[in-house]
$ cat target_28.cif   # mmCIF, C-alpha atoms and all ligand atoms
data_start
loop_
_atom_site.label_atom_id
_atom_site.label_comp_id
_atom_site.auth_asym_id
_atom_site.auth_seq_id
_atom_site.Cartn_x
_atom_site.Cartn_y
_atom_site.Cartn_z
CA MET A 7 0.00 0.00 0.00
CA LYS A 8 2.88 2.31 0.86
CA LEU A 9 4.29 1.78 -2.66
CA ILE A 10 0.92 2.55 -4.26
CA ALA A 11 0.61 5.67 -2.14
CA ARG A 12 4.06 6.89 -3.14
CA VAL A 13 3.49 6.20 -6.84
CA ASN A 14 0.12 7.93 -6.86
CA ARG A 15 1.15 11.00 -4.89
CA SER A 16 2.23 12.80 -8.05
CA PRO A 17 1.92 16.61 -8.20
CA LYS A 18 -0.97 16.14 -10.64
CA GLY A 19 -2.77 13.70 -8.30
CA LEU A 20 -2.32 16.12 -5.40
CA ARG A 21 -3.64 19.01 -7.49
CA TYR A 22 -6.79 17.06 -8.41
CA PHE A 23 -7.26 16.02 -4.77
CA GLN A 24 -6.92 19.65 -3.63
CA LEU A 25 -9.50 20.72 -6.23
CA TYR A 26 -11.84 17.99 -5.00
CA LEU A 27 -11.35 19.06 -1.37
CA TRP A 28 -12.14 22.69 -2.19
CA THR A 29 -15.31 21.56 -4.00
CA VAL A 30 -16.37 19.52 -0.94
CA LEU A 31 -15.65 22.50 1.35
CA LEU A 32 -17.71 24.94 -0.76
CA PHE A 33 -20.48 22.38 -1.14
CA THR A 34 -20.55 21.96 2.65
CA VAL A 35 -21.08 25.73 3.01
CA ALA A 36 -23.96 25.45 0.50
CA VAL A 37 -25.51 22.61 2.57
CA ILE A 38 -25.20 24.71 5.75
CA ILE A 39 -26.89 27.67 4.05
CA SER A 40 -29.67 25.42 2.74
CA GLY A 41 -30.20 24.27 6.36
CA ASP A 42 -30.51 27.92 7.38
CA ILE A 43 -33.15 28.47 4.68
CA VAL A 44 -35.05 25.49 6.15
CA GLN A 45 -35.12 27.21 9.55
CA ALA A 46 -35.81 30.72 8.22
CA THR A 47 -38.80 29.49 6.20
CA GLU A 48 -40.05 27.24 9.04
CA SER A 49 -39.72 24.18 6.79
CA GLY A 50 -38.08 21.87 9.34
CA ALA A 51 -41.16 19.64 9.48
CA GLY A 52 -41.72 19.87 5.70
CA CYS A 53 -41.15 16.12 5.34
CA GLY A 54 -43.29 15.27 8.36
CA ASP A 55 -41.60 13.19 11.05
CA SER A 56 -40.15 10.61 8.66
CA TRP A 57 -36.38 10.35 8.20
CA PRO A 58 -34.41 9.58 6.06
CA LYS A 59 -37.46 9.31 3.79
CA CYS A 60 -39.50 12.44 3.12
CA ASP A 61 -43.21 12.22 3.92
CA GLY A 62 -42.84 8.42 4.01
CA THR A 63 -41.45 8.10 0.45
CA LEU A 64 -38.10 8.49 -1.29
CA ILE A 65 -39.36 11.20 -3.65
CA PRO A 66 -42.35 13.03 -2.21
CA ALA A 67 -45.25 14.58 -4.12
CA PHE A 68 -44.18 18.12 -3.08
CA ALA A 69 -47.49 19.02 -1.43
CA ASP A 70 -46.16 22.48 -0.54
CA VAL A 71 -43.10 24.72 -0.70
CA HIS A 72 -41.94 23.69 2.83
CA MET A 73 -41.70 20.07 1.73
CA ALA A 74 -39.69 21.09 -1.36
CA ILE A 75 -37.25 23.16 0.74
CA GLU A 76 -36.72 20.41 3.34
CA PHE A 77 -36.38 17.77 0.58
CA VAL A 78 -33.73 19.81 -1.29
CA HIS A 79 -31.78 20.24 1.96
CA ARG A 80 -31.87 16.48 2.59
CA MET A 81 -30.83 15.78 -1.01
CA LEU A 82 -27.85 18.13 -0.70
CA THR A 83 -26.84 16.36 2.53
CA SER A 84 -26.99 13.01 0.68
CA VAL A 85 -24.81 14.36 -2.16
CA LEU A 86 -22.31 15.61 0.44
CA SER A 87 -22.24 12.15 2.04
CA PHE A 88 -21.39 10.60 -1.34
CA GLY A 89 -18.70 13.28 -1.71
CA TYR A 90 -17.15 11.91 1.47
CA PHE A 91 -16.81 8.46 -0.13
CA GLY A 92 -14.63 10.14 -2.76
CA LEU A 93 -12.65 11.82 0.01
CA LEU A 94 -12.06 8.52 1.80
CA ILE A 95 -11.06 6.66 -1.37
CA GLY A 96 -8.89 9.50 -2.74
CA GLY A 97 -7.20 10.06 0.63
CA TYR A 98 -6.48 6.37 1.10
CA VAL A 99 -5.08 5.86 -2.40
CA LEU A 100 -2.96 9.03 -2.36
CA PHE A 101 -1.66 9.01 1.20
CA GLY A 102 -2.28 5.56 2.71
CA ARG A 103 -3.18 4.97 6.34
CA ARG A 104 0.15 6.04 7.81
CA HIS A 105 0.09 9.63 6.58
CA ARG A 106 -1.43 12.21 8.98
CA VAL A 107 -3.99 13.19 6.31
CA TRP A 108 -5.78 9.86 6.91
CA PRO A 109 -6.79 10.39 10.60
CA SER A 110 -8.01 13.88 9.70
CA ILE A 111 -10.21 12.40 6.93
CA LEU A 112 -11.59 9.81 9.37
CA ALA A 113 -12.27 12.52 11.98
CA SER A 114 -14.04 14.68 9.37
CA THR A 115 -16.19 11.70 8.30
CA ALA A 116 -17.13 11.04 11.96
CA ILE A 117 -18.11 14.72 12.34
CA LEU A 118 -20.28 14.45 9.21
CA VAL A 119 -22.04 11.39 10.67
CA VAL A 120 -22.72 13.34 13.92
CA GLU A 121 -24.03 16.24 11.80
CA ILE A 122 -26.48 13.95 9.97
CA LEU A 123 -27.61 12.32 13.25
CA LEU A 124 -28.15 15.76 14.80
CA GLY A 125 -30.28 16.77 11.80
CA ALA A 126 -32.30 13.57 12.22
CA ALA A 127 -32.69 14.26 15.98
CA LEU A 128 -34.17 17.69 15.21
CA VAL A 129 -36.85 15.99 13.10
CA PHE A 130 -37.48 13.05 15.49
CA PHE A 131 -37.82 15.23 18.59
CA GLY A 132 -39.84 17.88 16.78
CA TRP A 133 -37.22 20.60 17.46
CA VAL A 134 -38.32 22.50 14.35
CA GLU A 135 -40.74 25.20 13.18
CA ASP A 136 -42.37 26.88 16.22
CA ASN A 137 -41.00 24.48 18.87
CA ALA A 138 -39.69 26.45 21.86
CA SER A 139 -37.87 24.06 24.21
CA TRP A 140 -34.49 23.79 25.95
CA GLY A 141 -33.90 20.63 23.93
CA ARG A 142 -34.03 22.71 20.73
CA VAL A 143 -31.77 25.44 22.14
CA ILE A 144 -29.15 22.86 23.16
CA ALA A 145 -29.46 20.83 19.93
CA ASP A 146 -29.19 23.97 17.74
CA SER A 147 -26.12 25.16 19.66
CA PHE A 148 -24.47 21.76 19.45
CA HIS A 149 -25.40 21.55 15.75
CA VAL A 150 -23.69 24.83 14.88
CA VAL A 151 -20.52 23.93 16.83
CA ASN A 152 -20.44 20.60 14.98
CA THR A 153 -20.87 22.50 11.70
CA LEU A 154 -17.82 24.61 12.53
CA ALA A 155 -15.90 21.42 13.41
CA LEU A 156 -16.90 19.96 10.01
CA LEU A 157 -15.63 23.02 8.11
CA GLY A 158 -12.50 23.14 10.29
CA SER A 159 -11.73 19.48 9.61
CA LEU A 160 -11.99 20.02 5.85
CA VAL A 161 -9.65 23.01 6.08
CA LEU A 162 -7.23 20.81 8.05
CA ILE A 163 -7.31 18.12 5.33
CA ILE A 164 -6.68 20.76 2.63
CA PHE A 165 -3.79 22.13 4.68
CA LEU A 166 -2.16 18.76 5.42
CA SER A 167 -2.47 17.44 1.86
CA ARG A 168 -0.70 20.38 0.20
CA ALA A 169 2.35 19.36 -1.84
CA ASP A 170 4.76 21.63 0.11
CA ASN A 171 3.51 20.63 3.56
CA GLU A 172 6.38 18.36 4.49
CA THR A 173 9.21 20.39 3.00
CA LEU A 174 9.05 23.37 5.40
CA VAL A 175 11.34 23.44 8.45
CA THR A 176 9.35 24.77 11.39
CA LYS A 177 9.18 25.03 15.17
CA GLN A 178 6.29 25.82 17.54
CA ASN A 179 5.02 29.39 17.26
CA PRO A 180 5.05 31.08 20.71
CA LYS A 181 1.94 33.09 19.70
CA ARG A 182 -0.20 30.04 18.94
CA ARG A 183 -2.32 30.44 22.08
CA TYR A 184 -3.70 33.73 20.65
CA LEU A 185 -4.93 31.74 17.66
CA ILE A 186 -6.82 29.38 19.98
CA PHE A 187 -8.44 32.35 21.78
CA ALA A 188 -9.45 33.88 18.42
CA MET A 189 -11.06 30.61 17.27
CA LEU A 190 -12.89 30.14 20.59
CA THR A 191 -14.21 33.70 20.26
CA VAL A 192 -15.64 32.97 16.79
CA ILE A 193 -17.29 29.80 18.17
CA LEU A 194 -18.86 31.81 21.02
CA ILE A 195 -20.14 34.53 18.66
CA THR A 196 -21.55 31.90 16.30
CA VAL A 197 -23.43 30.06 19.07
CA THR A 198 -24.98 33.33 20.34
CA GLY A 199 -25.91 34.15 16.71
CA THR A 200 -27.67 30.79 16.32
CA ILE A 201 -29.67 31.38 19.51
CA ASN A 202 -30.50 34.87 18.24
CA SER A 203 -31.71 33.38 14.96
CA LEU A 204 -33.91 30.88 16.84
CA ALA A 205 -35.35 33.74 18.93
CA ASP A 206 -36.19 35.66 15.73
CA THR A 207 -37.83 32.57 14.19
CA LEU A 208 -40.07 32.16 17.25
CA TYR A 209 -40.76 35.90 17.48
CA LEU A 210 -41.85 36.10 13.84
CA SER A 211 -43.82 32.83 13.90
CA ASP A 212 -47.60 33.12 13.50
CA HIS A 213 -48.05 30.13 15.84
CA VAL A 214 -46.08 31.35 18.86
CA VAL A 215 -47.46 33.82 21.37
CA VAL A 216 -44.15 34.93 22.84
CA GLU A 217 -45.70 36.37 26.02
CA GLU A 218 -47.27 32.98 26.78
CA THR A 219 -44.18 30.85 25.98
CA PRO A 220 -41.54 31.27 28.74
CA ILE A 221 -38.55 29.96 26.73
CA ALA A 222 -39.43 32.06 23.67
CA GLN A 223 -39.88 35.08 25.96
CA LEU A 224 -36.45 34.53 27.51
CA LEU A 225 -34.72 34.02 24.13
CA VAL A 226 -36.35 37.14 22.67
CA SER A 227 -35.43 39.22 25.73
CA VAL A 228 -31.71 38.33 25.42
CA ARG A 229 -31.40 39.08 21.70
CA ALA A 230 -29.06 41.99 22.40
CA ILE A 231 -26.40 39.57 23.67
CA HIS A 232 -25.31 38.44 20.20
CA PRO A 233 -24.55 41.88 18.69
CA LEU A 234 -22.80 42.85 21.94
CA VAL A 235 -20.68 39.68 22.09
CA ALA A 236 -19.99 39.97 18.34
CA ILE A 237 -18.76 43.58 18.52
CA ILE A 238 -16.58 43.01 21.62
CA GLY A 239 -15.44 39.65 20.23
CA GLY A 240 -14.71 41.21 16.82
CA PHE A 241 -12.36 43.76 18.43
CA ALA A 242 -10.79 40.98 20.53
CA ILE A 243 -10.11 38.87 17.42
CA ILE A 244 -8.54 41.84 15.62
CA GLY A 245 -6.35 42.51 18.70
CA LEU A 246 -5.27 38.86 18.90
CA LEU A 247 -4.47 38.76 15.18
CA TYR A 248 -2.47 41.97 15.55
CA LEU A 249 -0.35 40.25 18.21
CA VAL A 250 0.16 37.24 15.92
CA LEU A 251 0.89 39.38 12.86
CA GLU A 252 3.62 41.21 14.85
CA GLU A 253 5.58 37.96 14.96
CA PRO A 254 8.33 38.18 12.27
CA SER A 255 7.85 34.52 11.27
CA VAL A 256 4.15 35.00 10.43
CA GLN A 257 3.06 33.32 7.19
CA LYS A 258 0.18 34.17 4.86
CA SER A 259 -0.50 37.51 6.53
CA ILE A 260 -2.94 38.20 3.67
CA LEU A 261 -5.25 35.67 5.37
CA GLY A 262 -5.04 37.69 8.61
CA PHE A 263 -6.08 40.85 6.77
CA ALA A 264 -8.91 38.95 5.05
CA VAL A 265 -10.20 37.88 8.50
CA VAL A 266 -10.29 41.53 9.60
CA GLY A 267 -12.11 42.49 6.35
CA VAL A 268 -14.74 39.79 6.86
CA ILE A 269 -15.32 40.91 10.47
CA PHE A 270 -15.99 44.42 9.18
CA LEU A 271 -18.47 43.12 6.55
CA GLN A 272 -20.07 40.86 9.16
CA VAL A 273 -20.77 43.76 11.52
CA LEU A 274 -22.26 45.67 8.57
CA SER A 275 -24.52 42.76 7.58
CA GLY A 276 -25.51 42.33 11.26
CA VAL A 277 -26.66 45.96 11.36
CA PHE A 278 -28.65 45.43 8.13
CA ASN A 279 -30.11 42.23 9.62
CA ILE A 280 -31.58 44.20 12.51
CA ALA A 281 -32.57 47.29 10.51
CA LEU A 282 -34.43 45.24 7.85
CA LEU A 283 -35.96 42.77 10.35
CA THR A 284 -33.85 39.76 9.29
CA PRO A 285 -34.96 39.06 5.69
CA VAL A 286 -33.83 35.63 4.43
CA GLU A 287 -31.38 37.20 1.93
CA ILE A 288 -29.47 39.06 4.66
CA GLN A 289 -29.59 35.98 6.93
CA ILE A 290 -27.91 33.99 4.15
CA ILE A 291 -25.23 36.67 3.64
CA HIS A 292 -24.66 36.87 7.41
CA LEU A 293 -24.32 33.10 7.80
CA GLY A 294 -22.13 32.84 4.66
CA LEU A 295 -19.80 35.51 6.08
CA ALA A 296 -19.70 33.70 9.46
CA ASP A 297 -18.57 30.53 7.66
CA ALA A 298 -16.05 32.51 5.57
CA LEU A 299 -14.65 34.10 8.75
CA TRP A 300 -14.22 30.69 10.37
CA ILE A 301 -12.61 29.09 7.31
CA LEU A 302 -10.14 31.98 6.87
CA LEU A 303 -9.27 32.03 10.57
CA VAL A 304 -8.64 28.27 10.68
CA PHE A 305 -6.43 28.52 7.56
CA PHE A 306 -4.52 31.43 9.09
CA SER A 307 -4.12 29.54 12.40
CA LEU A 308 -2.86 26.38 10.69
CA HIS A 309 -0.36 28.37 8.62
CA ASN A 310 0.96 30.01 11.77
CA TRP A 311 0.65 27.18 14.28
CA LYS A 312 4.30 26.52 13.58
CA ALA A 313 6.83 29.22 12.76
CA LEU A 314 9.23 28.93 9.82
CA VAL A 315 12.71 28.33 11.22
CA SER A 316 14.51 30.33 8.52
CA ASN A 317 12.55 33.53 9.26
CA TYR A 318 12.39 32.91 12.97
CA SER A 319 13.97 35.60 15.19
C1 LIG B 401 -17.95 38.50 13.91
C2 LIG B 401 -19.17 38.91 13.88
C3 LIG B 401 -20.41 38.05 13.78
C4 LIG B 401 -20.57 36.69 13.57
C5 LIG B 401 -19.48 35.63 13.38
C6 LIG B 401 -21.99 36.44 13.55
C7 LIG B 401 -22.54 35.19 13.37
C8 LIG B 401 -23.90 34.94 13.34
C9 LIG B 401 -24.49 33.65 13.10
C10 LIG B 401 -23.74 32.36 12.82
C11 LIG B 401 -25.84 33.80 13.14
C12 LIG B 401 -26.89 32.70 12.95
C13 LIG B 401 -27.32 32.74 11.51
C14 LIG B 401 -28.46 31.81 11.25
O1 LIG B 401 -28.49 30.70 11.78
O2 LIG B 401 -29.33 32.20 10.47
C15 LIG B 401 -26.10 35.19 13.42
C16 LIG B 401 -27.36 35.73 13.53
C17 LIG B 401 -27.61 37.08 13.73
N1 LIG B 401 -26.68 38.07 13.86
FE1 LIG B 401 -24.67 37.86 13.84
N2 LIG B 401 -22.65 37.62 13.74
C18 LIG B 401 -21.74 38.62 13.90
C19 LIG B 401 -22.00 39.95 14.12
C20 LIG B 401 -23.24 40.51 14.27
C21 LIG B 401 -23.50 41.88 14.59
C22 LIG B 401 -22.43 42.93 14.85
C23 LIG B 401 -24.85 42.04 14.61
C24 LIG B 401 -25.68 43.27 14.86
C25 LIG B 401 -25.24 44.48 14.84
C26 LIG B 401 -25.44 40.75 14.33
C27 LIG B 401 -26.79 40.51 14.25
C28 LIG B 401 -27.35 39.28 14.05
C29 LIG B 401 -28.78 39.02 14.02
C30 LIG B 401 -29.90 40.05 14.18
C31 LIG B 401 -28.93 37.65 13.83
C32 LIG B 401 -30.25 36.86 13.72
C33 LIG B 401 -30.63 36.77 12.27
C34 LIG B 401 -31.73 35.74 12.09
O3 LIG B 401 -32.84 35.97 12.57
O4 LIG B 401 -31.46 34.70 11.48
N3 LIG B 401 -24.43 39.86 14.12
N4 LIG B 401 -24.91 35.86 13.53
#
$ encode --input "target_28.cif" --output "structure tokens"
Amino acid sequence: MKLIARVNRSPKGLRYFQLYLWTVLLFTVAVIISGDIVQATESGAGCGDSWPKCDGTLIPAFADVHMAIEFVHRMLTSVLSFGYFGLLIGGYVLFGRRHRVWPSILASTAILVVEILLGAALVFFGWVEDNASWGRVIADSFHVVNTLALLGSLVLIIFLSRADNETLVTKQNPKRRYLIFAMLTVILITVTGTINSLADTLYLSDHVVVEETPIAQLLVSVRAIHPLVAIIGGFAIIGLLYLVLEEPSVQKSILGFAVVGVIFLQVLSGVFNIALLTPVEIQIIHLGLADALWILLVFFSLHNWKALVSNYS
């Protein structure tokens, strides 16, 4: 197997694998956004309580638009799962089981399985549409953290399978703890954003009387937390990146500047979200930017987890 791996790890093979990985990463973002559309349009129960079938059949009759939206989201998830078969086969053939790319592919696949099971749990337990329960709050929060883990694992695979990965001489970067703080801050902001989004869904639902539903009332009353945490957190991330960028050995500083740019755009889209009463279009832009911020930050952190020895002071 080792021989096969070495023979197949040609620059061309690696290039195709990288292209494939980028496609899977972008497709994953599309699946996440389609999941957001499901929540924003209250289509979570569009397929009834059957899973993995939709409305009891493989291809439903599309009784209404909610069913179509939920069905498309499930289809995209299935396509992504098939994409992971390609990832497993390609990774095994190119790198074999002994290369560190392989455990990262296995971890990413496990995270995808958890993601699918969490989606199924939302349907089984009825944590969709106008449901206001602690179970839904916890499941939604866990779901979004798992989503970030899924994106992060794909970024890690892309990073580890680059052709030049093993040729650089590096040592531990003393600033790496700032990168961990920055990533934890994005996770915290994202979880508060998800809870904010759930609060808005309940607030705007025709079937929920917020004043008579204690959990909905609580969630709606703490909606200011997300913008507050995001603005303070945004400044904190910029400060932490500044400390990292000061390091002479820092690589790919363009990624650091891109992170700052996305934070700026994210604050802008957050303001529009509130001013325009969270239309689906702005929600999609806001979530897309949150994913872009996370992907860029993880790339930047991986590039600077170790410092290049030659530039190191
Ligand atoms: C780094 C900055 C930020 C990040 C990473 C972030 C992330 C998120 C995420 C992941 C969501 C959930 C999206 C969904 O599930 O639909 C969300 C929702 C939301 N965010 Fe932010 N956000 C940031 C900044 C802001 C700011 C500064 C504001 C306001 C000034 C804001 C206002 C909102 C609102 C109103 C929602 C709920 C939208 C809805 O009903 O779906 N965000 N945010």
$ residues_around --input "target_28.cif" --residues "Val250 in chain A" --least-positions-apart "5" --cutoff "8 Å" --atoms "all atoms listed in the file" --output "ChimeraX atom specification"
/A:181-182,184-185,256
$ residues_around --input "target_28.cif" --residues "range 13-29 of chain A" --least-positions-apart "5" --cutoff "8 Å" --atoms "all atoms listed in the file" --output "PyMOL selection string"
chain A and resi 93+96+99-101+160+163-164+167-169
$ atom_distance --input "target_28.cif" --atom1 "CA of Glu76 in chain A" --atom2 "CA of Thr207 in chain A"
16.3 Å
$ closest_atom_pairs --input "target_28.cif" --of "chain A" --to "ligand LIG 401 (chain B)" --cutoff "6 Å" --atoms "all atoms listed in the file" --output "tab-separated table"
residue	atom	partner	partner_atom	distance
A:Asp42	CA	B:LIG401	O2	5.4
A:Val192	CA	B:LIG401	C5	5.8
A:Ile195	CA	B:LIG401	C5	5.4
A:Thr196	CA	B:LIG401	C10	4.1
A:Gly199	CA	B:LIG401	C15	3.5
A:Thr200	CA	B:LIG401	C12	4.0
A:Asn202	CA	B:LIG401	C32	4.9
A:Ser203	CA	B:LIG401	O3	3.7
A:Asp206	CA	B:LIG401	O3	4.6
A:Pro233	CA	B:LIG401	C23	4.1
A:Ala236	CA	B:LIG401	C2	4.7
A:Ile237	CA	B:LIG401	C22	5.2
A:Gly240	CA	B:LIG401	C1	5.1
A:Ile269	CA	B:LIG401	C1	5.0
A:Gln272	CA	B:LIG401	C2	5.2
A:Val273	CA	B:LIG401	C22	3.8
A:Gly276	CA	B:LIG401	C23	3.4
A:Val277	CA	B:LIG401	C25	4.0
A:Asn279	CA	B:LIG401	C30	5.1
A:Ile280	CA	B:LIG401	C30	4.8
A:Thr284	CA	B:LIG401	O3	5.1
A:Gln289	CA	B:LIG401	O4	5.1
A:Leu293	CA	B:LIG401	C13	4.8
A:Ala296	CA	B:LIG401	C5	4.4
$ residues_around --input "target_28.cif" --residues "Leu261 in chain A" --least-positions-apart "6" --cutoff "9 Å" --atoms "all atoms listed in the file" --output "MDAnalysis selection string"
chainID A and resid 302:303 305:306
$ closest_residue --input "target_28.cif" --among "A:Leu162, A:Val44, A:Cys60, A:Leu190" --to "Val107 in chain A" --atoms "all atoms listed in the file"
A:Leu162
$ atom_distance --input "target_28.cif" --atom1 "CA of Gly141 in chain A" --atom2 "CA of Leu124 in chain A"
11.8 Å
$ closest_residue --input "target_28.cif" --among "A:Ile95, A:Ile238, A:Val228, A:Ile291" --to "Ile111 in chain A" --atoms "only C-alpha atoms"
A:Ile95
$ atom_distance --input "target_28.cif" --atom1 "CA of Cys53 in chain A" --atom2 "CA of Ser147 in chain A"
22.6 Å
$ closest_residue --input "target_28.cif" --among "A:Val35, A:Leu166, A:Val85, A:Ala222" --to "His309 in chain A" --atoms "only C-alpha atoms"
A:Leu166
